[in-house]
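final_38.txt follows; it contains compact mmCIF, C-alpha atoms.
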```txt
# COMPACT_ATOMS: atom_id res chain seq x y z
CA MET A 1414 20.29 -16.47 -6.55
CA SER A 1415 17.76 -15.52 -3.89
CA THR A 1416 14.47 -17.38 -3.98
CA LEU A 1417 11.18 -15.50 -3.77
CA SER A 1418 7.67 -16.18 -2.56
CA PHE A 1419 4.59 -14.58 -4.08
CA VAL A 1420 1.41 -14.06 -2.09
CA ILE A 1421 -1.65 -13.05 -4.11
CA VAL A 1422 -4.80 -12.06 -2.23
CA THR A 1423 -8.04 -12.54 -4.14
CA TYR A 1424 -11.50 -11.45 -3.13
CA GLN A 1425 -13.08 -12.07 -6.51
CA GLY A 1426 -11.33 -15.13 -7.92
CA GLY A 1427 -12.20 -16.07 -11.49
CA ASP A 1428 -10.29 -14.83 -14.52
CA ILE A 1429 -8.79 -11.85 -12.72
CA VAL A 1430 -6.62 -13.99 -10.41
CA ARG A 1431 -5.78 -16.41 -13.24
CA HIS A 1432 -4.46 -13.46 -15.25
CA CYS A 1433 -2.28 -12.41 -12.32
CA VAL A 1434 -0.86 -15.89 -11.73
CA SER A 1435 -0.28 -16.42 -15.46
CA SER A 1436 1.82 -13.24 -15.63
CA LEU A 1437 4.19 -14.64 -12.99
CA ILE A 1438 4.53 -18.28 -13.96
CA ASP A 1439 6.99 -17.78 -16.83
CA GLN A 1440 9.17 -15.49 -14.70
CA ILE A 1441 9.62 -17.53 -11.54
CA ALA A 1442 12.63 -19.79 -10.91
CA VAL A 1443 13.22 -23.13 -9.22
CA GLY A 1444 12.62 -22.70 -5.50
CA ASP A 1445 10.18 -19.80 -5.88
CA CYS A 1446 6.71 -20.28 -4.37
CA VAL A 1447 3.30 -18.88 -5.37
CA THR A 1448 0.44 -18.82 -2.85
CA VAL A 1449 -3.06 -17.54 -3.62
CA VAL A 1450 -5.12 -16.61 -0.57
CA VAL A 1451 -8.89 -16.59 -1.12
CA SER A 1452 -10.55 -13.98 1.10
CA GLY A 1453 -14.10 -13.93 -0.32
CA VAL A 1454 -16.73 -16.62 0.22
CA LYS A 1455 -18.12 -16.14 -3.29
CA ALA A 1456 -14.75 -16.29 -5.02
CA ARG A 1457 -14.24 -19.18 -7.43
CA VAL A 1458 -10.58 -20.10 -7.83
CA ASP A 1459 -9.50 -22.80 -10.27
CA LEU A 1460 -5.73 -22.83 -10.68
CA GLY A 1461 -5.15 -26.55 -11.02
CA ASP A 1462 -3.44 -26.15 -14.38
CA PHE A 1463 -0.73 -23.96 -12.85
CA GLU A 1464 1.89 -26.31 -11.46
CA GLY A 1465 3.09 -25.61 -7.93
CA VAL A 1466 0.58 -22.88 -7.08
CA GLU A 1467 -0.84 -23.31 -3.57
CA VAL A 1468 -4.34 -22.08 -2.73
CA VAL A 1469 -5.23 -21.10 0.84
CA ASP A 1470 -8.97 -20.58 1.32
CA MET A 1471 -9.87 -18.46 4.35
CA GLY A 1472 -13.39 -19.93 4.20
CA ARG A 1473 -14.92 -16.57 5.08
CA GLU A 1474 -14.80 -12.91 4.26
CA ALA A 1475 -11.46 -11.50 5.40
CA GLY A 1476 -9.78 -8.13 5.03
CA PHE A 1477 -6.70 -7.74 2.87
CA ALA A 1478 -4.35 -7.46 5.84
CA GLU A 1479 -5.57 -10.65 7.51
CA ALA A 1480 -5.61 -12.58 4.24
CA ALA A 1481 -2.11 -11.42 3.30
CA ASN A 1482 -0.84 -12.48 6.72
CA ALA A 1483 -2.26 -15.97 6.14
CA GLY A 1484 0.01 -16.25 3.13
CA LEU A 1485 2.98 -14.50 4.72
CA GLY A 1486 2.93 -16.94 7.62
CA GLN A 1487 4.11 -19.69 5.28
CA VAL A 1488 7.05 -17.79 3.78
CA THR A 1489 10.51 -19.32 4.15
CA THR A 1490 12.28 -17.53 1.28
CA SER A 1491 14.48 -14.47 1.66
CA SER A 1492 11.76 -12.09 0.44
CA VAL A 1493 8.08 -12.17 -0.50
CA VAL A 1494 6.17 -10.21 -3.11
CA VAL A 1495 2.60 -9.37 -2.06
CA LEU A 1496 0.18 -8.68 -4.90
CA ASN A 1497 -3.44 -7.76 -5.41
CA ASP A 1498 -5.26 -10.16 -7.72
CA ASP A 1499 -5.94 -7.28 -10.13
CA THR A 1500 -2.26 -6.89 -11.00
CA CYS A 1501 -0.34 -8.22 -13.99
CA ALA A 1502 3.45 -8.56 -13.85
CA GLN A 1503 5.24 -7.20 -16.90
CA PRO A 1504 8.34 -8.88 -18.43
CA GLY A 1505 11.36 -8.47 -16.16
CA PHE A 1506 9.25 -7.73 -13.07
CA VAL A 1507 10.48 -10.68 -11.03
CA ALA A 1508 14.13 -10.32 -12.10
CA ALA A 1509 14.19 -6.64 -11.16
CA LEU A 1510 12.85 -7.35 -7.66
CA ARG A 1511 15.04 -10.41 -7.19
CA ALA A 1512 18.10 -8.17 -7.46
CA TYR A 1513 17.06 -6.60 -4.12
CA ALA A 1514 15.79 -9.77 -2.44
CA GLY A 1515 18.83 -10.14 -0.19
CA GLU A 1516 18.65 -6.59 1.20
CA PRO A 1517 16.31 -6.06 4.19
CA GLY A 1518 13.66 -3.45 3.44
CA LEU A 1519 10.44 -2.80 1.52
CA TYR A 1520 10.51 -2.36 -2.25
CA ALA A 1521 7.92 -0.60 -4.41
CA PRO A 1522 7.71 -1.48 -8.13
CA ARG A 1523 6.60 0.86 -10.89
CA ILE A 1524 2.83 0.30 -10.91
CA LEU A 1525 1.10 1.25 -14.16
CA LEU A 1526 -2.59 1.65 -14.87
CA SER A 1527 -3.95 -1.30 -16.83
CA ASP A 1528 -6.11 0.73 -19.21
CA GLY A 1529 -3.49 0.89 -21.95
CA SER A 1530 -2.92 4.63 -21.48
CA ASN A 1531 0.77 4.22 -20.47
CA ARG A 1532 0.05 6.18 -17.30
CA ILE A 1533 1.33 5.67 -13.79
CA ASP A 1534 -0.81 4.26 -10.98
CA ASN A 1535 1.88 4.84 -8.39
CA MET A 1536 5.58 4.68 -7.62
CA GLY A 1537 5.06 4.42 -3.90
CA HIS A 1538 3.21 6.94 -1.77
CA GLY A 1539 3.81 10.51 -0.67
CA LEU A 1540 2.75 11.51 2.85
CA PHE A 1541 0.95 14.38 4.58
CA PRO A 1542 1.60 15.09 8.31
CA ASP A 1543 -1.87 13.85 9.32
CA GLY A 1544 -1.25 10.38 7.83
CA PHE A 1545 -3.00 11.05 4.51
CA ASN A 1546 -1.12 9.44 1.64
CA TRP A 1547 -1.35 9.84 -2.11
CA ALA A 1548 0.04 7.76 -4.95
CA ARG A 1549 3.14 9.41 -6.38
CA GLY A 1550 2.91 10.06 -10.10
CA ARG A 1551 -0.70 8.94 -10.43
CA GLU A 1552 -1.99 9.54 -13.99
CA ASP A 1553 1.35 10.95 -15.18
CA LEU A 1554 2.50 9.48 -18.48
CA ASP A 1555 5.18 6.87 -17.92
CA ALA A 1556 8.51 8.43 -18.89
CA SER A 1557 12.26 8.33 -18.33
CA ASP A 1558 11.79 10.88 -15.54
CA PHE A 1559 10.71 7.93 -13.39
CA ASP A 1560 13.66 5.68 -14.18
CA ALA A 1561 15.80 6.50 -11.13
CA PRO A 1562 15.59 4.41 -7.94
CA ARG A 1563 14.68 6.52 -4.90
CA ASP A 1564 13.26 6.37 -1.40
CA VAL A 1565 9.49 6.57 -1.01
CA GLY A 1566 7.22 7.64 1.82
CA ALA A 1567 5.38 4.31 1.84
CA CYS A 1568 4.89 1.31 -0.42
CA SER A 1569 1.59 0.32 -2.02
CA GLY A 1570 -0.03 -2.94 -0.95
CA ALA A 1571 -1.11 -3.50 -4.56
CA ALA A 1572 2.44 -4.73 -5.23
CA VAL A 1573 5.31 -4.69 -2.75
CA MET A 1574 8.34 -6.86 -1.94
CA ILE A 1575 9.10 -7.37 1.75
CA HIS A 1576 12.26 -8.92 3.13
CA ARG A 1577 11.73 -11.79 5.56
CA GLU A 1578 13.73 -10.01 8.27
CA VAL A 1579 11.26 -7.12 8.14
CA LEU A 1580 8.31 -9.49 8.45
CA GLN A 1581 9.88 -11.15 11.45
CA ALA A 1582 10.53 -7.77 13.07
CA LEU A 1583 7.03 -6.40 12.42
CA GLY A 1584 4.83 -9.47 12.51
CA GLY A 1585 3.19 -8.73 9.18
CA PHE A 1586 0.31 -6.36 8.44
CA ASP A 1587 -1.92 -5.02 11.20
CA ALA A 1588 -5.09 -7.11 10.72
CA ASP A 1589 -7.09 -4.61 12.80
CA LEU A 1590 -6.93 -2.20 9.86
CA GLU A 1591 -8.68 -4.64 7.45
CA ALA A 1592 -7.77 -2.81 4.22
CA PHE A 1593 -6.53 0.60 3.00
CA GLY A 1594 -3.73 2.04 5.09
CA GLU A 1595 -2.33 -1.34 6.12
CA ASP A 1596 0.47 -0.81 3.57
CA VAL A 1597 1.33 2.65 4.91
CA ASP A 1598 1.23 1.28 8.47
CA LEU A 1599 3.67 -1.51 7.62
CA SER A 1600 5.92 0.94 5.75
CA LEU A 1601 6.08 3.45 8.60
CA ARG A 1602 6.67 0.80 11.22
CA ALA A 1603 9.51 -0.55 9.07
CA ARG A 1604 10.98 2.93 8.68
CA ARG A 1605 10.86 3.46 12.45
CA LEU A 1606 13.08 0.39 12.74
CA GLY A 1607 15.51 1.83 10.23
CA TYR A 1608 14.58 -0.24 7.18
CA PRO A 1609 14.65 1.47 3.76
CA LEU A 1610 11.57 1.97 1.59
CA ARG A 1611 12.81 1.90 -2.00
CA TYR A 1612 11.32 2.36 -5.46
CA VAL A 1613 12.49 -0.18 -8.07
CA PRO A 1614 11.71 1.39 -11.48
CA ASN A 1615 12.58 -1.64 -13.61
CA ALA A 1616 10.00 -3.81 -11.84
CA ARG A 1617 6.86 -3.01 -13.81
CA VAL A 1618 3.39 -4.26 -12.97
CA GLU A 1619 -0.05 -3.20 -14.21
CA HIS A 1620 -2.94 -2.59 -11.82
CA VAL A 1621 -6.70 -2.27 -12.28
CA LEU A 1622 -7.40 0.70 -10.02
CA GLY A 1623 -10.43 0.26 -7.73
CA ALA A 1624 -11.36 -3.22 -8.93
CA SER A 1625 -12.46 -4.50 -5.50
CA TYR A 1626 -13.96 -1.52 -3.64
CA GLY A 1627 -14.42 1.02 -6.42
CA ARG A 1628 -12.21 4.07 -6.66
CA PHE A 1629 -14.40 6.26 -4.44
CA GLY A 1630 -16.70 3.69 -2.83
CA ALA A 1631 -18.24 4.47 0.55
CA ARG A 1632 -16.64 1.51 2.31
CA LYS A 1633 -13.23 2.37 0.90
CA LEU A 1634 -13.35 6.01 2.03
CA TYR A 1635 -14.60 4.97 5.45
CA LEU A 1636 -11.59 2.69 5.89
CA VAL A 1637 -9.17 5.24 4.44
CA GLU A 1638 -10.14 7.90 6.99
CA ARG A 1639 -10.46 5.52 9.93
CA ASN A 1640 -7.11 3.90 9.31
CA ARG A 1641 -5.33 7.15 8.46
CA ILE A 1642 -5.75 8.31 12.04
CA ARG A 1643 -4.77 4.99 13.57
CA VAL A 1644 -1.64 4.72 11.40
CA ALA A 1645 -0.57 8.31 12.08
CA VAL A 1646 -0.97 7.99 15.83
CA ARG A 1647 0.99 4.75 15.86
CA SER A 1648 4.05 5.83 13.89
CA LEU A 1649 4.27 9.52 12.94
CA PRO A 1650 6.23 12.13 14.95
CA ALA A 1651 4.53 13.17 18.18
CA THR A 1652 4.37 16.79 17.05
CA ALA A 1653 2.54 15.75 13.88
CA VAL A 1654 0.06 13.72 15.92
CA LEU A 1655 -0.58 16.58 18.37
CA THR A 1656 -1.22 19.02 15.53
CA MET A 1657 -3.19 16.54 13.43
CA PRO A 1658 -6.52 18.45 13.64
CA ALA A 1659 -4.86 21.51 12.10
CA TRP A 1660 -3.20 19.47 9.32
CA THR A 1661 -6.45 17.65 8.55
CA GLY A 1662 -8.44 20.88 8.57
CA ALA A 1663 -6.02 22.51 6.15
CA ARG A 1664 -6.09 19.48 3.84
CA LEU A 1665 -9.87 19.21 3.77
CA ALA A 1666 -10.25 22.96 3.23
CA MET A 1667 -7.87 22.82 0.27
CA LEU A 1668 -9.72 19.87 -1.24
CA GLY A 1669 -13.10 21.48 -0.59
CA VAL A 1670 -12.19 24.73 -2.33
CA ALA A 1671 -10.67 22.84 -5.26
CA SER A 1672 -13.79 20.68 -5.65
CA LEU A 1673 -15.93 23.81 -6.00
CA PHE A 1674 -14.00 24.48 -9.19
CA GLY A 1675 -14.17 20.87 -10.33
CA ARG A 1676 -10.51 20.23 -9.48
CA GLY A 1677 -8.93 17.37 -7.58
CA TRP A 1678 -10.13 13.88 -6.74
CA ALA A 1679 -12.52 15.21 -4.06
CA ALA A 1680 -14.72 16.65 -6.83
CA GLN A 1681 -15.40 13.07 -8.01
CA VAL A 1682 -16.54 11.71 -4.63
CA PRO A 1683 -20.30 11.12 -4.30
CA ARG A 1684 -22.18 12.47 -1.29
CA LYS A 1685 -22.66 9.00 0.23
CA SER A 1686 -18.91 8.42 0.20
CA ARG A 1687 -18.21 11.85 1.72
CA LEU A 1688 -20.50 10.95 4.63
CA ALA A 1689 -18.77 7.60 4.96
CA ALA A 1690 -15.40 9.36 5.15
CA MET A 1691 -16.69 11.52 8.02
CA ALA A 1692 -17.92 8.40 9.81
CA GLY A 1693 -14.50 6.86 9.30
CA LEU A 1694 -12.84 9.91 10.81
CA ALA A 1695 -15.05 9.58 13.90
CA SER A 1696 -14.23 5.88 14.13
CA GLY A 1697 -10.53 6.64 13.90
CA VAL A 1698 -10.80 9.05 16.82
CA ALA A 1699 -12.67 6.39 18.80
CA HIS A 1700 -9.78 3.98 18.21
CA LEU A 1701 -7.14 6.40 19.53
CA PRO A 1702 -6.51 4.45 22.78
CA GLY A 1703 -5.64 1.30 20.86
CA ALA A 1704 -3.34 3.16 18.47
CA LEU A 1705 -1.57 4.87 21.37
CA SER A 1706 -1.08 1.51 23.09
CA LYS A 1707 0.55 0.11 19.96
CA ARG A 1708 2.74 3.23 19.70
CA ARG A 1709 4.03 2.74 23.25
CA THR A 1710 4.89 -0.89 22.54
CA ASP A 1711 6.56 -0.09 19.21
CA SER A 1712 8.58 2.83 20.55
CA GLU A 1713 10.70 0.57 22.73
CA ARG A 1714 12.41 -0.68 19.54
CA TRP A 1715 12.44 2.48 17.41
CA VAL A 1716 15.72 3.30 15.69
CA VAL A 1717 14.52 6.38 13.78
CA GLY A 1718 13.51 9.20 16.14
CA GLU A 1719 11.20 12.19 15.79
CA ARG A 1720 13.60 14.27 13.72
CA GLY A 1721 14.26 11.37 11.41
CA MET A 1722 10.55 10.77 10.85
CA TRP A 1723 9.98 14.47 10.10
CA ASP A 1724 12.78 14.23 7.55
CA HIS A 1725 11.00 11.23 6.06
CA LEU A 1726 7.71 13.14 5.86
CA LEU A 1727 9.23 16.21 4.28
CA GLU A 1728 11.36 14.32 1.77
CA ASN A 1729 8.33 12.31 0.67
CA ARG A 1730 5.57 14.89 1.03
CA VAL A 1731 2.38 14.73 -1.00
CA ARG A 1732 2.64 16.87 -4.11
CA VAL A 1733 -0.24 19.35 -4.38
CA ARG A 1734 -0.34 19.01 -8.17
CA ASP A 1735 -1.06 15.28 -7.83
CA VAL A 1736 -4.04 15.79 -5.55
CA LEU A 1737 -5.54 18.80 -7.34
CA ARG A 1738 -5.12 17.76 -10.97
```
As structure tokens, how would this structure be written, given the file I've shared?
Amino acid sequence: MSTLSFVIVTYQGGDIVRHCVSSLIDQIAVGDCVTVVVSGVKARVDLGDFEGVEVVDMGREAGFAEAANAGLGQVTTSSVVVLNDDTCAQPGFVAALRAYAGEPGLYAPRILLSDGSNRIDNMGHGLFPDGFNWARGREDLDASDFDAPRDVGACSGAAVMIHREVLQALGGFDADLEAFGEDVDLSLRARRLGYPLRYVPNARVEHVLGASYGRFGARKLYLVERNRIRVAVRSLPATAVLTMPAWTGARLAMLGVASLFGRGWAAQVPRKSRLAAMAGLASGVAHLPGALSKRRTDSERWVVGERGMWDHLLENRVRVRDVLR
């Protein structure tokens, strides 16, 4: 049986991370490891009553990507499951992921909203050619339609299993991204190297959506737009990158028109957050040289070429009905 490590990043500490750890303890096996990384200076973490749980305190404010890497650097097991502190593993979660622990790749569980509505948070992400991603199945009622394993466009950092070989090949998350988009970046870099991105439907975990940054908080939307550009330039097909302004314009126009009729998530975004998103877009453009430099370095090892990445985009495209519901 393959052993697993679990890395939980907490910014808040308190009961929320205790709830997450408690949901795992009864499912783990001998040889499994649980590490909680504290990334907020105000977080209070008391896990002394959980045997074998290691706490790594960053001692300062740190982004999700950097904090996760601090935990990933200690992994010696075949695979590691990275979790947000606002997740709660459901019965059978660990066993379902363990079945894939020996196969190099990234694995996305079935992530459910924690509000008791029996609705989906995500089953991995769909992709748009400008790097925009959207949670597949968000707010759909959980049903047998989602019971089949499948490839996904990207995995969600809220809960994802990563094989150790992939970590060694990629070097972990890109800490420059801080948060939001670091999961898509890791997924696309893994896909470029030929690793699969798979949805594991029997691995169920609940997630409190927007617990740390708020669902449409200004800082979150700033990071989303900034990192979207950097991730796209680093890993998407060159033709998608060159035509990115057109793709982004079409996407924003669609969302803008829909919001006038009260449709889509854009209608829920406050003005302050819209301005922050525009600032993030400008910041992303300013970081183009760095993203291009990383692309040149990565491309020397790419296994999946331009055609293959277009196939990946098209097979896992964002569904309009998800964004405009």
Seminar exercise, completed: Shortest contact to Val1495 of chain A, candidates A:Asp1711, A:Glu1638, A:Asp1596, A:Asp1459, atoms counted only C-alpha atoms, goes to A:Asp1596
Exercise. Can you list, as a count of residues only, every protein, DNA or RNA residue that comes within 9 Å of segment 1514-1517 of chain A when you count only C-alpha atoms, leaving out same-chain residues fewer than 2 positions away?
Worked result: 18
Exercise. Any idea what the distance is between atom CA of Ala1704 of chain A and atom CA of Val1646 of chain A?
Worked result: 6.0 Å
Could you check which residues have any atom within 8 Å of (8.8, 4.1, 4.6), counting all atoms listed in the file with coordinates taken straight from the file, and then list them as an mmCIF file with C-alpha atoms, keeping the file's coordinate frame?
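Writing done, so here's out20.cif:
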```
data_model
loop_
_atom_site.group_PDB
_atom_site.id
_atom_site.type_symbol
_atom_site.label_atom_id
_atom_site.label_comp_id
_atom_site.auth_asym_id
_atom_site.auth_seq_id
_atom_site.Cartn_x
_atom_site.Cartn_y
_atom_site.Cartn_z
ATOM 1 C CA LEU A 1519 10.440 -2.800 1.520
ATOM 2 C CA ASP A 1564 13.260 6.370 -1.400
ATOM 3 C CA VAL A 1565 9.490 6.570 -1.010
ATOM 4 C CA GLY A 1566 7.220 7.640 1.820
ATOM 5 C CA ALA A 1567 5.380 4.310 1.840
ATOM 6 C CA CYS A 1568 4.890 1.310 -0.420
ATOM 7 C CA VAL A 1597 1.330 2.650 4.910
ATOM 8 C CA SER A 1600 5.920 0.940 5.750
ATOM 9 C CA LEU A 1601 6.080 3.450 8.600
ATOM 10 C CA ARG A 1602 6.670 0.800 11.220
ATOM 11 C CA ALA A 1603 9.510 -0.550 9.070
ATOM 12 C CA ARG A 1604 10.980 2.930 8.680
ATOM 13 C CA TYR A 1608 14.580 -0.240 7.180
ATOM 14 C CA PRO A 1609 14.650 1.470 3.760
ATOM 15 C CA LEU A 1610 11.570 1.970 1.590
ATOM 16 C CA HIS A 1725 11.000 11.230 6.060
#
```
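The two atoms in question, atom CA of Val1443 of chain A and atom CA of Met1414 of chain A, are spaced 10.1 Å apart.
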For this session: Kindly give the distance, in Å, that separates atom CA of Asn1535 of chain A and atom CA of Val1420 of chain A, rounded to a single decimal.
Result: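 Interatomic distance here is 19.9 Å.
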For this session: Would you list the residues near (0.5, 14.3, 17.0) (no more than 12 Å away, in the coordinates of the file, using only C-alpha atoms) as a list in words?
Result: Pro1542, Asp1543, Gly1544, Ile1642, Arg1643, Val1644, Ala1645, Val1646, Arg1647, Ser1648, Leu1649, Pro1650, Ala1651, Thr1652, Ala1653, Val1654, Leu1655, Thr1656, Met1657, Pro1658, Ala1659, Trp1660, Thr1661, Leu1701, Ala1704, Leu1705, Arg1708, Glu1719 and Trp1723 of chain A
For this session: Using only C-alpha atoms, find the one residue out of A:Leu1525, A:Val1613, A:Cys1433, A:Ala1592 that sits nearest to Ser1452 of chain A.
Result: A:Ala1592
Exercise. Which residues, written as number ranges by chain, have at least one atom at most 12 Å from Pro1614 of chain A, with all atoms listed in the file counted and residues fewer than 4 positions away on the same chain left out?
Worked result: A: 1505-1506, 1508-1510, 1520-1525, 1533, 1535-1537, 1555-1565, 1618
Problem set entry | Ala1480 of chain A environment, 7 Å, only C-alpha atoms, sequence neighbours closer than 3 positions dropped, as a ChimeraX atom specification | /A:1422,1450,1452,1475-1477,1483-1484
Problem set entry | Counting all atoms listed in the file, the residue of A:Phe1586, A:Tyr1424, A:Phe1419, A:Phe1541 that sits nearest Cys1446 of chain A |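 Residue with the minimum atom-to-atom distance to Cys1446 of chain A: A:Phe1419.
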